[in-house]
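Student: File name upload_15.txt; file contents compact mmCIF, C-alpha atoms; full text below.
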# COMPACT_ATOMS: atom_id res chain seq x y z
CA GLU A 61 10.57 -24.05 4.41
CA GLU A 62 13.66 -23.11 2.42
CA LEU A 63 11.39 -21.98 -0.42
CA MET A 64 9.62 -19.61 1.96
CA ARG A 65 12.94 -18.28 3.24
CA SER A 66 14.16 -17.63 -0.30
CA TRP A 67 10.86 -15.93 -1.14
CA PHE A 68 11.13 -13.63 1.87
CA LYS A 69 14.70 -12.79 0.89
CA GLU A 70 13.55 -11.80 -2.60
CA ILE A 71 10.65 -9.75 -1.19
CA LYS A 72 12.99 -7.83 1.11
CA GLU A 73 15.47 -7.17 -1.70
CA ALA A 74 12.61 -5.86 -3.85
CA GLY A 75 12.00 -3.13 -1.26
CA PHE A 76 8.96 -4.47 0.59
CA ASN A 77 8.77 -4.37 4.40
CA MET A 78 5.69 -6.52 5.15
CA VAL A 79 4.17 -9.83 4.04
CA GLN A 80 0.70 -11.24 4.53
CA SER A 81 0.21 -14.68 6.03
CA TYR A 82 -2.15 -16.02 3.37
CA THR A 83 -0.44 -19.36 3.79
CA ILE A 84 1.78 -20.99 6.38
CA PRO A 85 4.66 -23.43 5.78
CA LEU A 86 3.78 -26.77 4.22
CA GLY A 87 2.95 -29.46 6.71
CA TYR A 88 1.45 -27.06 9.25
CA GLY A 89 -1.89 -26.11 7.69
CA GLY A 90 -4.50 -27.27 5.27
CA PRO A 91 -8.01 -28.71 5.70
CA GLY A 92 -8.40 -30.77 8.86
CA ALA A 93 -5.00 -29.82 10.25
CA ASP A 94 -4.60 -29.79 14.01
CA PHE A 95 -5.13 -26.26 15.31
CA ASN A 96 -2.05 -26.33 17.55
CA LYS A 97 -0.03 -27.41 14.52
CA LYS A 98 -1.40 -24.42 12.62
CA ILE A 99 -0.29 -22.11 15.42
CA GLU A 100 3.22 -23.56 15.13
CA GLY A 101 3.10 -22.79 11.41
CA VAL A 102 2.02 -19.20 12.00
CA LYS A 103 4.87 -18.69 14.50
CA LEU A 104 7.32 -20.23 12.03
CA PHE A 105 6.06 -17.84 9.33
CA LEU A 106 6.71 -14.95 11.73
CA ASP A 107 10.18 -16.30 12.55
CA TYR A 108 11.15 -16.51 8.89
CA ALA A 109 9.86 -13.00 8.20
CA ASN A 110 11.78 -11.68 11.18
CA GLU A 111 15.01 -13.17 9.82
CA TYR A 112 14.72 -10.81 6.85
CA GLY A 113 13.46 -7.74 8.69
CA LEU A 114 9.89 -8.11 7.44
CA LYS A 115 6.72 -7.41 9.38
CA VAL A 116 3.70 -9.71 9.05
CA LEU A 117 0.09 -8.83 8.33
CA ASP A 118 -1.51 -11.80 10.08
CA THR A 119 -4.68 -13.07 8.43
CA VAL A 120 -7.31 -13.76 11.09
CA TYR A 121 -10.46 -13.50 8.99
CA GLY A 122 -10.39 -17.28 8.63
CA HIS A 123 -12.08 -17.23 12.04
CA ILE A 124 -15.09 -15.61 10.38
CA SER A 125 -16.99 -18.52 8.89
CA GLY A 126 -20.71 -17.98 8.49
CA PRO A 127 -21.66 -15.94 11.55
CA LEU A 128 -18.94 -13.79 13.05
CA VAL A 129 -17.08 -14.94 16.14
CA VAL A 130 -18.91 -12.37 18.26
CA ASP A 131 -22.43 -13.58 17.43
CA ASP A 132 -23.32 -16.05 20.22
CA SER A 133 -26.92 -16.41 19.06
CA LYS A 134 -26.02 -18.67 16.14
CA GLU A 135 -24.19 -21.98 16.12
CA GLU A 136 -23.11 -21.44 19.71
CA GLU A 137 -20.64 -24.29 19.90
CA ALA A 138 -18.95 -23.39 16.59
CA ILE A 139 -18.73 -19.75 17.62
CA ARG A 140 -17.33 -20.63 21.03
CA ASN A 141 -14.66 -22.81 19.43
CA SER A 142 -13.79 -20.09 16.93
CA LYS A 143 -13.40 -17.54 19.72
CA GLU A 144 -11.17 -19.88 21.67
CA GLN A 145 -9.00 -20.56 18.63
CA LEU A 146 -8.70 -16.88 17.75
CA GLN A 147 -7.77 -16.06 21.34
CA LYS A 148 -5.11 -18.78 21.36
CA ARG A 149 -3.70 -17.52 18.06
CA ILE A 150 -3.47 -13.91 19.19
CA GLU A 151 -2.01 -14.78 22.59
CA ALA A 152 0.59 -16.96 20.86
CA ILE A 153 1.85 -14.25 18.48
CA LYS A 154 0.99 -10.81 19.88
CA THR A 155 4.44 -10.29 21.41
CA HIS A 156 6.34 -11.59 18.37
CA PRO A 157 8.68 -8.88 17.02
CA ALA A 158 7.60 -9.52 13.42
CA LEU A 159 3.87 -9.01 13.99
CA GLY A 160 2.70 -5.81 12.30
CA ALA A 161 -1.11 -5.89 12.13
CA TYR A 162 -4.17 -8.15 11.91
CA TYR A 163 -5.95 -8.57 8.57
CA ILE A 164 -9.60 -8.85 9.64
CA THR A 165 -11.64 -8.69 6.42
CA ASP A 166 -11.15 -9.27 2.73
CA GLU A 167 -13.99 -7.98 0.54
CA PHE A 168 -16.67 -9.07 3.02
CA PHE A 169 -19.31 -6.46 2.20
CA ASN A 170 -20.96 -8.59 -0.48
CA SER A 171 -21.19 -11.45 2.02
CA GLY A 172 -23.76 -9.41 3.93
CA ILE A 173 -21.76 -8.90 7.12
CA LYS A 174 -23.46 -6.39 9.37
CA LYS A 175 -21.81 -3.27 10.70
CA GLU A 176 -22.43 -4.38 14.29
CA ASP A 177 -20.88 -7.79 13.70
CA LEU A 178 -17.65 -6.40 12.24
CA GLU A 179 -17.38 -3.88 15.07
CA GLY A 180 -17.86 -6.69 17.59
CA PHE A 181 -15.15 -8.74 15.93
CA TYR A 182 -12.85 -5.71 15.98
CA TYR A 183 -13.40 -5.05 19.68
CA PHE A 184 -12.94 -8.74 20.49
CA ILE A 185 -9.46 -8.54 18.94
CA LYS A 186 -8.64 -5.21 20.60
CA LYS A 187 -9.41 -6.69 24.04
CA LEU A 188 -6.78 -9.33 23.38
CA ASP A 189 -4.16 -7.03 21.82
CA THR A 190 -4.20 -3.27 22.39
CA VAL A 191 -0.92 -2.70 20.54
CA HIS A 192 -1.32 -3.95 16.98
CA PRO A 193 -3.82 -2.34 14.56
CA THR A 194 -6.38 -4.09 12.38
CA LEU A 195 -6.72 -3.76 8.61
CA ALA A 196 -9.92 -4.15 6.60
CA VAL A 197 -9.76 -4.45 2.80
CA GLU A 198 -12.80 -3.77 0.63
CA CYS A 199 -13.49 -3.31 -3.08
CA THR A 200 -17.06 -2.04 -2.72
CA THR A 201 -17.32 1.68 -1.98
CA ALA A 202 -20.61 1.19 -0.12
CA ALA A 203 -18.64 -0.65 2.57
CA PHE A 204 -16.56 2.40 3.52
CA PRO A 205 -19.14 4.36 5.52
CA LEU A 206 -20.71 1.16 6.88
CA TYR A 207 -17.53 -0.39 8.28
CA ARG A 208 -15.76 2.84 9.27
CA GLU A 209 -15.81 2.11 13.01
CA GLY A 210 -14.91 -1.56 12.67
CA THR A 211 -11.19 -1.24 11.98
CA ASP A 212 -8.09 0.84 12.64
CA ILE A 213 -7.04 0.91 8.96
CA PHE A 214 -9.15 0.87 5.82
CA ALA A 215 -7.64 -0.15 2.48
CA PRO A 216 -9.58 -0.27 -0.77
CA ASP A 217 -8.15 -2.79 -3.22
CA ILE A 218 -7.93 -1.20 -6.67
CA TYR A 219 -6.94 -3.29 -9.69
CA PRO A 220 -7.49 -1.25 -12.87
CA CYS A 221 -5.17 -3.05 -15.30
CA GLY A 222 -6.92 -5.65 -17.42
CA GLU A 223 -7.03 -6.41 -21.11
CA LYS A 224 -7.50 -2.77 -22.14
CA TYR A 225 -4.46 -0.55 -22.54
CA PRO A 226 -4.03 2.10 -21.37
CA ALA A 227 -5.88 1.37 -18.14
CA ASP A 228 -7.84 3.95 -16.18
CA ILE A 229 -5.27 4.66 -13.49
CA THR A 230 -7.32 7.67 -12.28
CA SER A 231 -9.63 5.13 -10.57
CA VAL A 232 -7.05 4.87 -7.79
CA ALA A 233 -7.50 8.51 -6.83
CA LYS A 234 -11.28 8.43 -7.26
CA THR A 235 -11.66 5.45 -4.93
CA LEU A 236 -9.31 6.84 -2.30
CA ASP A 237 -11.16 10.16 -2.35
CA ILE A 238 -14.38 8.32 -1.49
CA VAL A 239 -12.71 6.67 1.50
CA LYS A 240 -11.24 9.97 2.65
CA SER A 241 -14.74 11.46 2.65
CA VAL A 242 -15.84 9.07 5.42
CA GLN A 243 -12.80 9.55 7.65
CA ARG A 244 -13.42 11.43 10.89
CA GLY A 245 -11.34 13.17 13.55
CA GLU A 246 -7.80 14.51 13.70
CA PRO A 247 -5.78 12.69 12.59
CA PRO A 248 -8.45 11.29 10.25
CA LYS A 249 -9.55 7.75 11.11
CA PRO A 250 -9.64 5.02 10.14
CA TYR A 251 -6.14 5.39 8.73
CA LEU A 252 -5.99 5.04 4.96
CA TRP A 253 -3.94 2.47 3.07
CA ALA A 254 -4.31 1.25 -0.51
CA VAL A 255 -3.93 -2.24 -1.99
CA LEU A 256 -2.71 -2.01 -5.58
CA GLN A 257 -2.15 -4.36 -8.50
CA ILE A 258 1.01 -6.19 -9.42
CA HIS A 259 -0.76 -9.42 -10.43
CA LYS A 260 -1.77 -10.50 -13.91
CA SER A 261 -5.34 -9.89 -15.06
CA SER A 262 -5.25 -10.67 -18.80
CA ARG A 263 -1.84 -8.95 -18.67
CA PHE A 264 0.62 -7.71 -16.09
CA PRO A 265 0.51 -3.98 -15.39
CA THR A 266 3.44 -2.17 -16.97
CA GLU A 267 6.18 -0.54 -14.93
CA SER A 268 4.79 2.92 -15.68
CA GLU A 269 1.26 1.85 -14.69
CA MET A 270 2.45 0.37 -11.39
CA ARG A 271 4.50 3.46 -10.62
CA ALA A 272 1.61 5.76 -11.54
CA MET A 273 -0.80 3.78 -9.31
CA THR A 274 1.68 3.88 -6.44
CA PHE A 275 2.49 7.56 -6.50
CA LEU A 276 -1.10 8.53 -7.27
CA ALA A 277 -2.05 6.80 -4.01
CA LEU A 278 0.71 8.75 -2.26
CA THR A 279 -0.80 12.03 -3.49
CA ARG A 280 -3.79 11.07 -1.28
CA ASP A 281 -1.41 10.89 1.70
CA VAL A 282 -2.05 7.19 2.34
CA LYS A 283 -0.20 5.78 5.33
CA GLY A 284 0.50 2.38 3.83
CA LEU A 285 0.63 0.54 0.51
CA GLY A 286 -0.11 -3.11 -0.16
CA TYR A 287 0.31 -5.05 -3.40
CA PHE A 288 -1.67 -8.11 -4.41
CA ALA A 289 0.65 -10.64 -6.02
CA TYR A 290 -1.68 -13.64 -6.35
CA SER A 291 1.33 -15.89 -6.00
CA PHE A 292 1.88 -18.12 -3.00
CA PRO A 293 5.13 -19.67 -1.74
CA ASP A 294 3.64 -23.16 -1.54
CA GLY A 295 1.70 -22.84 -4.80
CA ASP A 296 2.71 -20.81 -7.82
CA PRO A 297 6.39 -19.92 -8.00
CA PRO A 298 7.23 -16.32 -7.07
CA TYR A 299 7.32 -13.81 -9.93
CA SER A 300 11.09 -13.67 -9.59
CA ARG A 301 11.11 -17.12 -11.21
CA SER A 302 7.91 -17.27 -13.25
CA ALA A 303 8.03 -13.68 -14.59
CA PRO A 304 11.51 -12.25 -13.90
CA ASP A 305 11.11 -9.18 -16.12
CA HIS A 306 7.88 -8.25 -14.35
CA TRP A 307 9.46 -8.82 -10.93
CA ARG A 308 12.31 -6.51 -11.93
CA ASN A 309 9.74 -3.83 -12.74
CA VAL A 310 7.97 -4.42 -9.43
CA SER A 311 11.26 -4.10 -7.57
CA ASN A 312 12.05 -0.83 -9.35
CA VAL A 313 8.66 0.61 -8.44
CA ILE A 314 8.80 -0.43 -4.78
CA ASN A 315 12.35 0.82 -4.33
CA SER A 316 11.37 4.15 -5.87
CA ILE A 317 9.03 4.67 -2.89
CA HIS A 318 12.12 4.69 -0.67
CA THR A 319 13.28 7.79 -2.54
CA VAL A 320 10.44 9.82 -1.01
CA PHE A 321 10.56 8.36 2.52
CA PRO A 322 11.57 11.74 4.03
CA ALA A 323 8.40 13.29 2.61
CA LEU A 324 6.14 10.41 3.60
CA PHE A 325 7.06 10.87 7.25
CA SER A 326 6.49 14.64 7.17
CA ASP A 327 3.22 16.17 8.36
CA LYS A 328 4.01 19.57 6.86
CA VAL A 329 1.97 19.78 3.64
CA VAL A 330 2.83 22.62 1.23
CA LYS A 331 -0.16 24.04 -0.66
CA ASN A 332 0.93 27.39 -2.10
CA TYR A 333 1.70 26.23 -5.63
CA THR A 334 -0.31 25.74 -8.81
CA ILE A 335 0.02 23.53 -11.89
CA ASP A 336 -1.62 24.75 -15.09
CA ASN A 337 -3.32 21.43 -15.83
CA ASN A 338 -5.78 19.89 -13.39
CA LYS A 339 -5.13 16.38 -14.72
CA ILE A 340 -1.80 16.36 -12.88
CA GLN A 341 -2.21 14.97 -9.37
CA SER A 342 0.26 16.06 -6.72
CA ILE A 343 1.25 16.44 -3.09
CA ALA A 344 4.09 18.52 -1.62
CA LYS A 345 5.75 18.04 1.78
CA GLN A 346 8.37 20.17 3.49
CA VAL A 347 11.26 18.43 5.25
CA ILE A 348 14.51 19.39 6.94
CA GLU A 349 17.63 17.44 5.99
CA LYS A 350 21.00 18.25 7.54
CA GLY A 351 19.75 21.66 8.59
CA LYS A 352 18.43 22.59 5.13
CA LYS A 353 14.78 23.00 4.12
CA TYR A 354 13.44 21.10 1.12
CA ILE A 355 10.14 20.55 -0.62
CA TYR A 356 9.42 17.10 -2.03
CA LEU A 357 6.80 17.53 -4.76
CA ILE A 358 5.27 14.28 -6.03
CA THR A 359 3.41 14.62 -9.34
CA VAL A 360 1.57 12.07 -11.48
CA ASN A 361 -0.07 12.27 -14.90
CA PRO A 362 -2.36 9.22 -14.60
CA SER A 363 -3.96 7.69 -17.65
CA ASP A 364 -7.74 8.04 -17.79
CA GLY A 365 -8.06 5.08 -20.14
CA ASN A 366 -7.64 7.19 -23.27
CA GLU A 367 -4.30 7.27 -25.02
CA GLN A 368 -2.27 10.47 -24.65
CA LYS A 369 -0.56 10.81 -28.02
CA GLU A 370 1.69 13.78 -27.31
CA PRO A 371 3.63 14.94 -24.24
CA ILE A 372 2.31 18.00 -22.42
CA SER A 373 4.45 20.87 -21.12
CA LEU A 374 3.27 22.45 -17.87
CA ASN A 375 4.07 25.46 -15.69
CA PHE A 376 4.53 25.11 -11.94
CA THR A 377 4.09 28.36 -10.01
CA PHE A 378 4.95 28.87 -6.34
CA GLU A 379 3.77 31.72 -4.13
CA ASP A 380 5.92 33.15 -1.30
CA ILE A 381 8.55 30.43 -1.72
CA SER A 382 12.12 31.20 -2.75
CA PHE A 383 14.25 28.50 -4.35
CA VAL A 384 17.92 28.28 -3.41
CA ASP A 385 19.03 26.67 -6.67
CA ASN A 386 17.79 24.59 -9.56
CA ILE A 387 15.34 21.75 -9.05
CA TYR A 388 16.38 18.09 -8.78
CA VAL A 389 14.13 15.46 -10.35
CA LEU A 390 14.78 12.19 -8.53
CA ASP A 391 15.11 8.74 -10.09
CA GLU A 392 15.32 10.13 -13.63
CA THR A 393 17.95 10.33 -16.33
CA GLU A 394 18.70 13.60 -18.10
CA LYS A 395 16.31 12.42 -20.82
CA GLY A 396 13.51 12.16 -18.27
CA GLU A 397 13.44 8.36 -18.20
CA PHE A 398 12.79 6.49 -14.95
CA LYS A 399 15.99 5.08 -13.46
CA LEU A 400 16.58 4.44 -9.77
CA GLY A 401 19.28 6.61 -8.25
CA SER A 402 19.61 8.98 -11.21
CA ILE A 403 19.01 12.72 -10.88
CA ARG A 404 17.86 15.15 -13.55
CA GLN A 405 18.42 18.87 -13.02
CA LEU A 406 15.74 21.33 -14.02
CA GLN A 407 16.24 25.05 -14.33
CA LYS A 408 14.03 27.27 -12.22
CA THR A 409 12.04 30.21 -13.54
CA SER A 410 11.37 33.41 -11.59
CA ASN A 411 8.67 31.74 -9.50
CA GLY A 412 8.66 28.06 -10.43
CA PHE A 413 9.63 25.79 -13.32
CA ILE A 414 8.38 24.11 -16.49
CA ASP A 415 8.38 20.37 -17.17
CA THR A 416 6.98 17.79 -19.59
CA PHE A 417 4.69 14.83 -18.92
CA GLN A 418 4.03 11.70 -20.92
CA GLU A 419 1.17 9.34 -20.10
CA ASN A 420 1.55 7.89 -16.58
CA THR A 421 4.66 9.96 -15.96
CA VAL A 422 5.71 10.36 -12.35
CA HIS A 423 8.03 13.25 -11.49
CA ILE A 424 9.52 13.61 -8.01
CA TYR A 425 10.95 17.09 -7.47
CA LYS A 426 13.31 17.92 -4.64
CA ILE A 427 13.58 21.68 -4.17
CA GLU A 428 15.81 23.43 -1.65
CA ILE A 429 14.06 26.52 -0.29
CA LYS A 430 15.15 29.52 1.78
Once more with this new file: its structure as structure tokens, please.
Tutor:
Amino acid sequence: EELMRSWFKEIKEAGFNMVQSYTIPLGYGGPGADFNKKIEGVKLFLDYANEYGLKVLDTVYGHISGPLVVDDSKEEEAIRNSKEQLQKRIEAIKTHPALGAYYITDEFFNSGIKKEDLEGFYYFIKKLDTVHPTLAVECTTAAFPLYREGTDIFAPDIYPCGEKYPADITSVAKTLDIVKSVQRGEPPKPYLWAVLQIHKSSRFPTESEMRAMTFLALTRDVKGLGYFAYSFPDGDPPYSRSAPDHWRNVSNVINSIHTVFPALFSDKVVKNYTIDNNKIQSIAKQVIEKGKKYIYLITVNPSDGNEQKEPISLNFTFEDISFVDNIYVLDETEKGEFKLGSIRQLQKTSNGFIDTFQENTVHIYKIEIK
């Protein structure tokens, strides 16, 4: 239990705000464990997370074993028991202050789950808890249109970093664009999150790759970001102990998201600008801070899997926007290197500015406007 507490403390300090309940404290779960004991473990997990100001993504897809819990035509007794257990679990935790959402699927498309079954499972949960959303994670793009109405939030899991370097980071944008094409309504639903890679697959992703993945997802206006660690508190030691240099990089990347929080919560998208290279991915949001108007412009030069040998210099041009002063580039040294809390100043031109991009460079511009 103290190990889990220490892990949550490290996760919070690294800038995260939510954890997934893959596991529960030792002694409360495992094969053959009493169900009521498991519920105690889930509540304890929530309690520990709450101590550190973390929300919990509660994993309920364990109640989907073989046929879904809503399919009464098969294995009636097993299904009835599964429904009862799921209902008890939700009723036990749905008012807990640390509960954030329910994790209802994890790459289930290739298991052959039908659209109607997932939708039934979703509505079964929503009858029990109308407050907390559900999250479905899939790696197969064919699942997106099929399962669109079976969840509140859809998150593709995208893990491009393997043995090859540089990795094809552009795959993050390509996958998210496919999901966006099946969203419907205003605001578009299901809401879009992304699950990205911090785990080792032949190698750990580099700091620049993780940052490029993260901010590339943000250019698609995702509403949430998840990171697959593949490290459990009662199994492998957390990366802070087993791979401290990597964990330091992870922490830097996650905390850099906090830099753009004002923009992430803004619905005012700015579109009247151009960049003279279509490889650069971007999104701009207008915000008001202390009575002043600013544009946050997030830009990414994602690797396409081919090495970029030389930096590229690009022109940014704005139409019908007047800058008050020079541009501030956040979390960068004067040499253009990533460093949390640093600020680089960039001179404006008559209608924009010029800047340089290396491979997987992320630039965050904060521009005061009239």
Student: For each of A:Arg280, A:Ala272, A:Gln80, A:Leu146, take the minimum atom-to-atom distance to Asp118 in chain A, counting only C-alpha atoms, then give the residue where this is smallest.
Tutor: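 Looking only at the distances to Asp118 in chain A, the closest residue turns out to be A:Gln80.
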Student: A:Tyr163, A:Tyr183, A:Tyr333, A:Phe68: which is nearest Asn110 in chain A, counting only C-alpha atoms?
Tutor: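 Once distances to Asn110 in chain A are computed over only C-alpha atoms, the minimum belongs to A:Phe68.
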Student: Quick one: pull the distance between CA of Lys399 in chain A and CA of Asn312 in chain A, Å, one decimal.
Tutor: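 Between these atoms lies a distance of 8.2 Å.
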Student: Closest to Ile348 in chain A among A:Asp391, A:Glu428, A:Glu370, A:Glu136, using all atoms listed in the file?
Tutor: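 Counting all atoms listed in the file, the residue closest to Ile348 in chain A is A:Glu428.
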Student: Measuring between all atoms listed in the file, which one of A:Gln405, A:Thr266, A:Asn315, A:Asn420 shows the shortest distance to Ile340 in chain A?
Tutor: A:Asn420
Student: Record the distance separating CA of Ser171 in chain A and CA of Asp228 in chain A, expressed in Å with one decimal.
Tutor: 27.3 Å
Student: Find the residue from A:Thr211, A:Thr194, A:Asn411, A:Asn375 that sits nearest to Glu176 in chain A; use only C-alpha atoms when measuring.
Tutor: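 Comparing A:Thr211, A:Thr194, A:Asn411, A:Asn375 against Glu176 in chain A, the winner is A:Thr211.
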Student: For a test of reading the model, state the distance in Å between CA of Phe181 in chain A and CA of Ala289 in chain A, rounded to one decimal.
Tutor: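 Those two atoms sit 27.1 Å apart.
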Student: Between A:Pro220, A:Gly286, A:Pro248, A:Gly113, which is the closest to Phe264 in chain A once you count all atoms listed in the file?
Tutor: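 Among the listed residues, A:Pro220 lies closest to Phe264 in chain A.
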Student: Need to verify the contact set: Lys97 in chain A, 6 Å, all atoms listed in the file, exclusion of same-chain residues closer than 3 positions in sequence. Can you return it as a ChimeraX atom specification?
Tutor: /A:88,94,100
Student: Tell me, as a PDB file with C-alpha atoms, keeping the file's coordinate frame, which residues lie within 12 Å of Val255 in chain A, counting all atoms listed in the file; anything in the same chain fewer than 5 positions away does not count.
Tutor:
ATOM      1  CA  ASP A 166     -11.150  -9.270   2.730  1.00  0.00           C
ATOM      2  CA  GLU A 167     -13.990  -7.980   0.540  1.00  0.00           C
ATOM      3  CA  LEU A 195      -6.720  -3.760   8.610  1.00  0.00           C
ATOM      4  CA  ALA A 196      -9.920  -4.150   6.600  1.00  0.00           C
ATOM      5  CA  VAL A 197      -9.760  -4.450   2.800  1.00  0.00           C
ATOM      6  CA  GLU A 198     -12.800  -3.770   0.630  1.00  0.00           C
ATOM      7  CA  CYS A 199     -13.490  -3.310  -3.080  1.00  0.00           C
ATOM      8  CA  ILE A 213      -7.040   0.910   8.960  1.00  0.00           C
ATOM      9  CA  PHE A 214      -9.150   0.870   5.820  1.00  0.00           C
ATOM     10  CA  ALA A 215      -7.640  -0.150   2.480  1.00  0.00           C
ATOM     11  CA  PRO A 216      -9.580  -0.270  -0.770  1.00  0.00           C
ATOM     12  CA  ASP A 217      -8.150  -2.790  -3.220  1.00  0.00           C
ATOM     13  CA  ILE A 218      -7.930  -1.200  -6.670  1.00  0.00           C
ATOM     14  CA  TYR A 219      -6.940  -3.290  -9.690  1.00  0.00           C
ATOM     15  CA  PRO A 220      -7.490  -1.250 -12.870  1.00  0.00           C
ATOM     16  CA  VAL A 232      -7.050   4.870  -7.790  1.00  0.00           C
ATOM     17  CA  THR A 235     -11.660   5.450  -4.930  1.00  0.00           C
ATOM     18  CA  LEU A 236      -9.310   6.840  -2.300  1.00  0.00           C
ATOM     19  CA  MET A 270       2.450   0.370 -11.390  1.00  0.00           C
ATOM     20  CA  MET A 273      -0.800   3.780  -9.310  1.00  0.00           C
ATOM     21  CA  THR A 274       1.680   3.880  -6.440  1.00  0.00           C
ATOM     22  CA  ALA A 277      -2.050   6.800  -4.010  1.00  0.00           C
ATOM     23  CA  LEU A 278       0.710   8.750  -2.260  1.00  0.00           C
ATOM     24  CA  VAL A 282      -2.050   7.190   2.340  1.00  0.00           C
ATOM     25  CA  LYS A 283      -0.200   5.780   5.330  1.00  0.00           C
ATOM     26  CA  GLY A 284       0.500   2.380   3.830  1.00  0.00           C
ATOM     27  CA  LEU A 285       0.630   0.540   0.510  1.00  0.00           C
ATOM     28  CA  GLY A 286      -0.110  -3.110  -0.160  1.00  0.00           C
ATOM     29  CA  TYR A 287       0.310  -5.050  -3.400  1.00  0.00           C
ATOM     30  CA  PHE A 288      -1.670  -8.110  -4.410  1.00  0.00           C
ATOM     31  CA  ALA A 289       0.650 -10.640  -6.020  1.00  0.00           C
TER      32      ALA A 289
END
